[in-house]
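Q: Provided herewith is a single structure, encoded as structure tokens, for subsequent inquiry.
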Protein chains: 2
Amino acid sequence: MKAHLIFTGTELLLGQIVNTNSQYLARKLADLGIDLYSMVTVGDNRRRIAEAIKSAKGKSELVIINGGLGPTEDDVTREALAEALGVELKENLQALEVSSRFFKRRGIEMPQANLKQGLVPEGGLVLDNPIGTAPGILLVQGEVTYVLLPGPPGELKLMFENEVIPYLKRTYHMGGQIKSRVLKVVGLGEPAVEEKVKDLIGSLNPTLAPTVNRGEVHLRMTAKSDDPAQNEVLLNEMERKVRERLNDYIFGVDDCTLEEAIGQELTKLKYTIAVAESCTGGLLAHRLTNVPGSSAYVQLGAVTYANRWKTRLLHVGPEVLAAHGAVSPETAQAMAVGIRELTGADITIGITGIAGPGGGSSAKPVGLVYIGLNYRGKVEVFKHEFSGDRESIKYRSSQAALTHLWQRLKSYQ
Amino acid sequence: MKAHLIFTGTELLLGQIVNTNSQYLARKLADLGIDLYSMVTVGDNRRRIAEAIKSAKGKSELVIINGGLGPTEDDVTREALAEALGVELKENLQALEVSSRFFKRRGIEMPQANLKQGLVPEGGLVLDNPIGTAPGILLVQGEVTYVLLPGPPGELKLMFENEVIPYLKRTYHMGGQIKSRVLKVVGLGEPAVEEKVKDLIGSLNPTLAPTVNRGEVHLRMTAKSDDPAQNEVLLNEMERKVRERLNDYIFGVDDCTLEEAIGQELTKLKYTIAVAESCTGGLLAHRLTNVPGSSAYVQLGAVTYANRWKTRLLHVGPEVLAAHGAVSPETAQAMAVGIRELTGADITIGITGIAGPGGGSSAKPVGLVYIGLNYRGKVEVFKHEFSGDRESIKYRSSQAALTHLWQRLKSYQ
């Protein structure tokens with residue numbers, strides 16, 4: 001089965017937003033074993049969207065059109081599909097229900113404009129949208145299945161998982177032809193990872209491909225076979241080979257994030273954690289608490305941005321700050337110790353650094369970051385020098401802190 | 001002038017990486033006043049790339065093809081262009097020089113495979129790549145200019161800035177014809193915003209187009225004229241009209257974020273801020289501290305995830321927690337009061353809610369969030385019910401808190 005994706009949105013053509021939906025859908029199709037032929041982006045223009053739909057016809061059996069299902073005049077995907085397929089738009093009570101339910105729940109009257117979301121090209125099925133106003137649409141004409149999904153990523157994902165995948169599996173008896181699995185690595189750069197699995201990268205089935213993703217290396221294994229069970233065998237065998245060489249660096253598989261891997265370890269060990277952040281400004285606590293159930297182990301996060309809070313809350317000695325400065329190994333250590341004394345958490349982290357763009361000097365440049373890790377009373381301090389803008393220095397600092405923590409958690413077992 | 005972008009890369013069709021080059025090029029073209037007609041992504045397949053090039057011919061005068069210029073067998077963009085235009089690939093010393101210089105600088109011998117990067121379709125000009133091995137190519141045939149650029153974002157950007165923009169400006173006498181400005185709105189939904197500027201949305205020059213972006217409505221005004229000064233006049237006039245109706249909701253222009261707008265107000269008023277977060281887990285502090293210079297006004301962030309820290313650090317009475325629960329207006333209020341008593345900051349915020357997916361009940365469902373805002377001793381509490389997954393509930397909560405804060409800052413002036 002071949003697929004073609006059409007993204008609509010003048011904001012995409014003007015470069016106002018990054019299209020993350022394209023990666024999401026591409027990956028999901030790959031997992032389903034559907035061959036993605038091409039992707040195209042067009043503006044919010046009925047004629048051009050209709051043209052894109054028509055030109056996809058000969059090439060693919062599945063055409064997914066993403067965006068343009070809102071209530072405004074710009075939103076013309078419904079109309080474009082009807083035009084391209086030569087059918088009428090009709091009022092559809094089920095579609096209207098999705099939209100009106102959204103407003104009912106909020107106790108707001110539905111604006112007139114949203115009535116438009118109750119229109120469906122004749123022959124189309126309505127796909128429920130549990131969190132937004134725009135229903136999706138699925139329409140089969142001839143050999144081709146057309147799927148319309150809304151642009152907001154949260155709505156797209158939920159509807160693709162809940163509605164589209166089950167439909168495709170049911171209708172096309174899919175599953176198992178292509179199966180991917182990703183092994184996620186931290187603490188080693190891509191060249192070093194590649195060096196260790198060089199020979200495996202040449203493998204044809206499963207294939208093995210490394211990609212770099214914000215401080216992590218992801219090793220994607222992809223197996224092809226008619227038999228889903230055989231794919232599992234192939235992937236297990238490849239995973240075993242990769243783990244022989246890289247096991248100490250692999251923190252998770254597939255969708256597992258580094259913070260989730262840490263959460264699993266903390267839960268297993270029944271350890272609690274507290275963090276004291278300066279340059280990361282709350283990002284480390286934010287990432288730790290992105291994990292469902294993290295309230296079981298996250299005790300406290302203290303964003304001691306101002307120096308006096310390092311002293312008042314964490315008891316970092318004023319003499320330490322005076323002698324070594326707020327960005328120093330001594331301060332990072334004192335922060336990690338101070339937050340542990342305050343909270344009694346098993347593990348604590350102190351981060352201090354210069355996120356920039358201002359505040360750097362030749363002795364302490366922008367990007368200089370110290371991370372203190374207090375593991376049940378044993379403190380280590382790590383020094384990093386990151387490049388990039390403020391947000392990326394904050395992110396890399398949080399990633400480094402999580403990496404050190406994960407490595408420590410593993411090595412003490 | 002109309003443009004069309006072609007991205008090549010099977011890794012894009014498999015969803016292994018996000019295509020950030022598309023946003024970069026789209027934005028640059030918009031700035032140059034070039035109308036981007038559409039974008040397409042195809043795999044590393046010579047025939048399909050050639051097809052995509054051919055089909056762009058009738059529609060655009062500028063065709064940029066990105067990716068597939070490396071030394072491996074997958075890299076077939078040079079070949080595809082030659083095929084599509086019916087010309088031969090020839091060895092080009094200037095192209096070879098780009099590639100060999102790269103290795104010479106590193107003191108490495110150039111691998112045989114890289115010889116391929118010295119091939120250029122007949123009639124093509126070589127674009128220098130100062131940081132990578134792949135030279136770019138620019139080729140004019142008939143009315144169409146074809147530009148080939150390498151995939152790595154750093155190389156693409158440098159070469160587009162250094163080589164392509166000067167060429168386009170020189171050749172097509174461009175600059176100034178199209179100018180955009182974005183007015184950013186919070187506190188009003190898209191339908192309500194649209195209702196207020198309905199008549200302006202029909203305007204032809206400048207145009208006005210609303211888009212929704214994570215709790216904000218962005219109104220993009222785009223003016224076209226031969227005279228850059230005239231564009232400014234047109235945009236100023238449209239901005240004035242929009243502000244007549246929406247001024248109380250417009251927090252910023254163009255790249256200004258909500259947290260930056262808040263930072264500007266706090267700086268102007270010489271106010272400090274401290275936040276106490278439960279369900280947002282540090283995200284609010286993270287966003288506030290994403291602003292360069294925020295250390296001047298951010299005093300302290302306390303992520304009091306565990307109840308006992310709400311009591312110990314913020315002095316939220318155990319009887320409040322017992323009587324109303326951690327997720328209650330009373331607790332949000334007590335958190336906002338407690339963090340102010342602790343820090344003496346002019347403005348404090350307390351957030352408590354249920355980010356999910358677990359922890360909800362019929363009385364207190366997932367997504368229920370209370371925000372306490374303490375503005376120099378005057379406390380208000382806001383109730384929200386958000387939908388979505390954990391991360392989006394966290395984000396929406398932080399966005400709501402920033403929105404309330406910004407509105408309060410504006411209304412007290």
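Ordering of the structure tokens sets the chain letters (A, B, ...); residue numbers start at 1 within each chain; ligands are numbered from 1 in the order shown.
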Within 8 Å of chain A, which residues belong to chain B? Use only C-alpha atoms and report them as a PyMOL selection string.
A: chain B and resi 12-20+22-30+36-43+191+194+211+280-286+289-290+292-293+295+298-306+309+356-358+387-392
Q: After a least-squares superposition of chain A onto chain B, with every Cα atom paired in order, give the RMSD to one decimal place.
A: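 Rounded to one decimal, the C-alpha RMSD is 3.7 Å.
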Q: Could you work out how far atom CA of B:Glu341 lies from atom CA of A:Thr352, giving the answer in Å with one decimal?
A: 25.6 Å
Q: To one decimal place, how far is atom CA of A:Val164 from atom CA of A:Leu138 in Å?
A: 8.5 Å
Q: What's the 8 Å shell around A:Met335, counting only C-alpha atoms, without same-chain residues fewer than 2 positions away, as a PyMOL selection string?
A: chain A and resi 276+310+314-316+331-333+337-339+349-351+372
Q: Which is closer to A:Leu200 than all the others in A:Met221, A:Tyr395, A:Leu183, A:Pro153, using only C-alpha atoms?
A: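 Ranked by minimum distance to A:Leu200, first place goes to A:Met221.
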Q: May I have the residues within 7 Å of stretch 146-149 of chain A as a VMD selection string, using only C-alpha atoms and disregarding those fewer than 3 positions away in the same chain?
A: chain A and resid 62 to 67 136 to 140 156
Q: Export, as an mmCIF file, in the first residue's frame, the selected residues with C-alpha atoms.
A:
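Below you can see result-v4.cif, which holds the result:
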```cif
data_model
loop_
_atom_site.group_PDB
_atom_site.id
_atom_site.type_symbol
_atom_site.label_atom_id
_atom_site.label_comp_id
_atom_site.auth_asym_id
_atom_site.auth_seq_id
_atom_site.Cartn_x
_atom_site.Cartn_y
_atom_site.Cartn_z
ATOM 1 C CA LEU A 62 -4.091 6.278 0.858
ATOM 2 C CA VAL A 63 -4.183 10.069 0.757
ATOM 3 C CA ILE A 64 -4.026 11.876 4.092
ATOM 4 C CA ILE A 65 -4.786 15.575 4.089
ATOM 5 C CA ASN A 66 -3.804 17.460 7.220
ATOM 6 C CA GLY A 67 -5.021 20.906 8.211
ATOM 7 C CA GLY A 136 -12.019 14.293 10.830
ATOM 8 C CA ILE A 137 -13.347 12.737 7.640
ATOM 9 C CA LEU A 138 -12.648 9.390 5.944
ATOM 10 C CA LEU A 139 -13.893 8.836 2.427
ATOM 11 C CA VAL A 140 -13.327 5.932 0.056
ATOM 12 C CA LEU A 156 -4.049 14.825 14.912
#
```
Q: Between A:Ala400, A:Val98, A:Met1, A:Ile354, which has the minimum distance to A:Gln117 (counting only C-alpha atoms)?
A: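 Between A:Ala400, A:Val98, A:Met1, A:Ile354, the residue approaching A:Gln117 most closely is A:Val98.
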Q: Determine the nearest neighbour of A:Ala336 from the options A:Gly33, A:Gly377, A:Pro135, A:Pro228, counting only C-alpha atoms.
A: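 Residue with the minimum atom-to-atom distance to A:Ala336: A:Gly377.
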Q: Among the residues of stretch 255-313 of chain A, find those DSSP assigns to alpha helix (DSSP H) from the backbone and print them as a list of chain:residue names.
A: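 Answer for stretch 255-313 of chain A restricted to alpha helix (DSSP H) is A:Leu258, A:Glu259, A:Glu260, A:Ala261, A:Ile262, A:Gly263, A:Gln264, A:Glu265, A:Leu266, A:Thr267, A:Lys268, A:Leu269, A:Leu283, A:Leu284, A:Ala285, A:His286, A:Arg287, A:Leu288, A:Asn307, A:Arg308, A:Trp309, A:Lys310, A:Thr311, A:Arg312, A:Leu313.
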Q: Could you write out that same residue set with N, CA and C atoms as a compact mmCIF listing (two decimals), in the first residue's frame?
A:
```
# COMPACT_ATOMS: atom_id res chain seq x y z
N LEU A 258 14.32 9.76 28.25
CA LEU A 258 15.35 9.64 29.28
C LEU A 258 14.75 9.87 30.67
N GLU A 259 13.82 10.82 30.78
CA GLU A 259 13.21 11.09 32.08
C GLU A 259 12.32 9.92 32.52
N GLU A 260 11.72 9.22 31.55
CA GLU A 260 10.93 8.04 31.91
C GLU A 260 11.83 6.91 32.40
N ALA A 261 12.97 6.73 31.69
CA ALA A 261 13.92 5.68 32.11
C ALA A 261 14.39 5.95 33.53
N ILE A 262 14.64 7.22 33.84
CA ILE A 262 15.07 7.59 35.18
C ILE A 262 13.94 7.33 36.19
N GLY A 263 12.72 7.68 35.79
CA GLY A 263 11.56 7.45 36.65
C GLY A 263 11.40 5.98 37.00
N GLN A 264 11.64 5.12 36.00
CA GLN A 264 11.54 3.68 36.26
C GLN A 264 12.59 3.23 37.28
N GLU A 265 13.82 3.73 37.12
CA GLU A 265 14.88 3.36 38.06
C GLU A 265 14.57 3.86 39.47
N LEU A 266 14.13 5.11 39.56
CA LEU A 266 13.83 5.69 40.87
C LEU A 266 12.71 4.91 41.55
N THR A 267 11.70 4.55 40.77
CA THR A 267 10.57 3.80 41.32
C THR A 267 11.03 2.44 41.84
N LYS A 268 11.87 1.79 41.02
CA LYS A 268 12.38 0.47 41.38
C LYS A 268 13.17 0.54 42.69
N LEU A 269 13.99 1.58 42.81
CA LEU A 269 14.86 1.72 43.98
C LEU A 269 14.13 2.39 45.16
N LEU A 283 13.62 23.95 33.95
CA LEU A 283 13.48 22.97 32.87
C LEU A 283 13.73 21.54 33.35
N LEU A 284 14.68 21.38 34.26
CA LEU A 284 14.99 20.03 34.74
C LEU A 284 13.79 19.47 35.51
N ALA A 285 13.21 20.28 36.40
CA ALA A 285 12.02 19.85 37.14
C ALA A 285 10.87 19.58 36.17
N HIS A 286 10.73 20.46 35.18
CA HIS A 286 9.68 20.28 34.17
C HIS A 286 9.82 18.94 33.46
N ARG A 287 11.04 18.60 33.06
CA ARG A 287 11.23 17.34 32.35
C ARG A 287 10.98 16.14 33.27
N LEU A 288 11.48 16.23 34.49
CA LEU A 288 11.24 15.12 35.43
C LEU A 288 9.74 14.91 35.65
N ASN A 307 20.86 34.94 43.58
CA ASN A 307 21.87 34.40 44.49
C ASN A 307 21.38 34.27 45.92
N ARG A 308 20.59 35.26 46.37
CA ARG A 308 20.23 35.21 47.79
C ARG A 308 19.36 34.01 48.11
N TRP A 309 18.70 33.44 47.07
CA TRP A 309 17.92 32.23 47.32
C TRP A 309 18.80 31.01 47.38
N LYS A 310 19.94 31.08 46.68
CA LYS A 310 20.90 29.99 46.83
C LYS A 310 21.35 29.94 48.30
N THR A 311 21.52 31.11 48.87
CA THR A 311 21.95 31.17 50.27
C THR A 311 20.81 30.89 51.24
N ARG A 312 19.67 31.60 51.06
CA ARG A 312 18.59 31.48 52.04
C ARG A 312 17.95 30.10 52.05
N LEU A 313 17.73 29.56 50.85
CA LEU A 313 16.99 28.29 50.79
C LEU A 313 17.94 27.09 50.83
```
Q: Please, what distance in Å, to one decimal, runs between atom CA of B:His384 and atom CA of B:Asn247?
A: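 Computing the Euclidean distance for atom CA of B:His384 and atom CA of B:Asn247 yields 24.2 Å.
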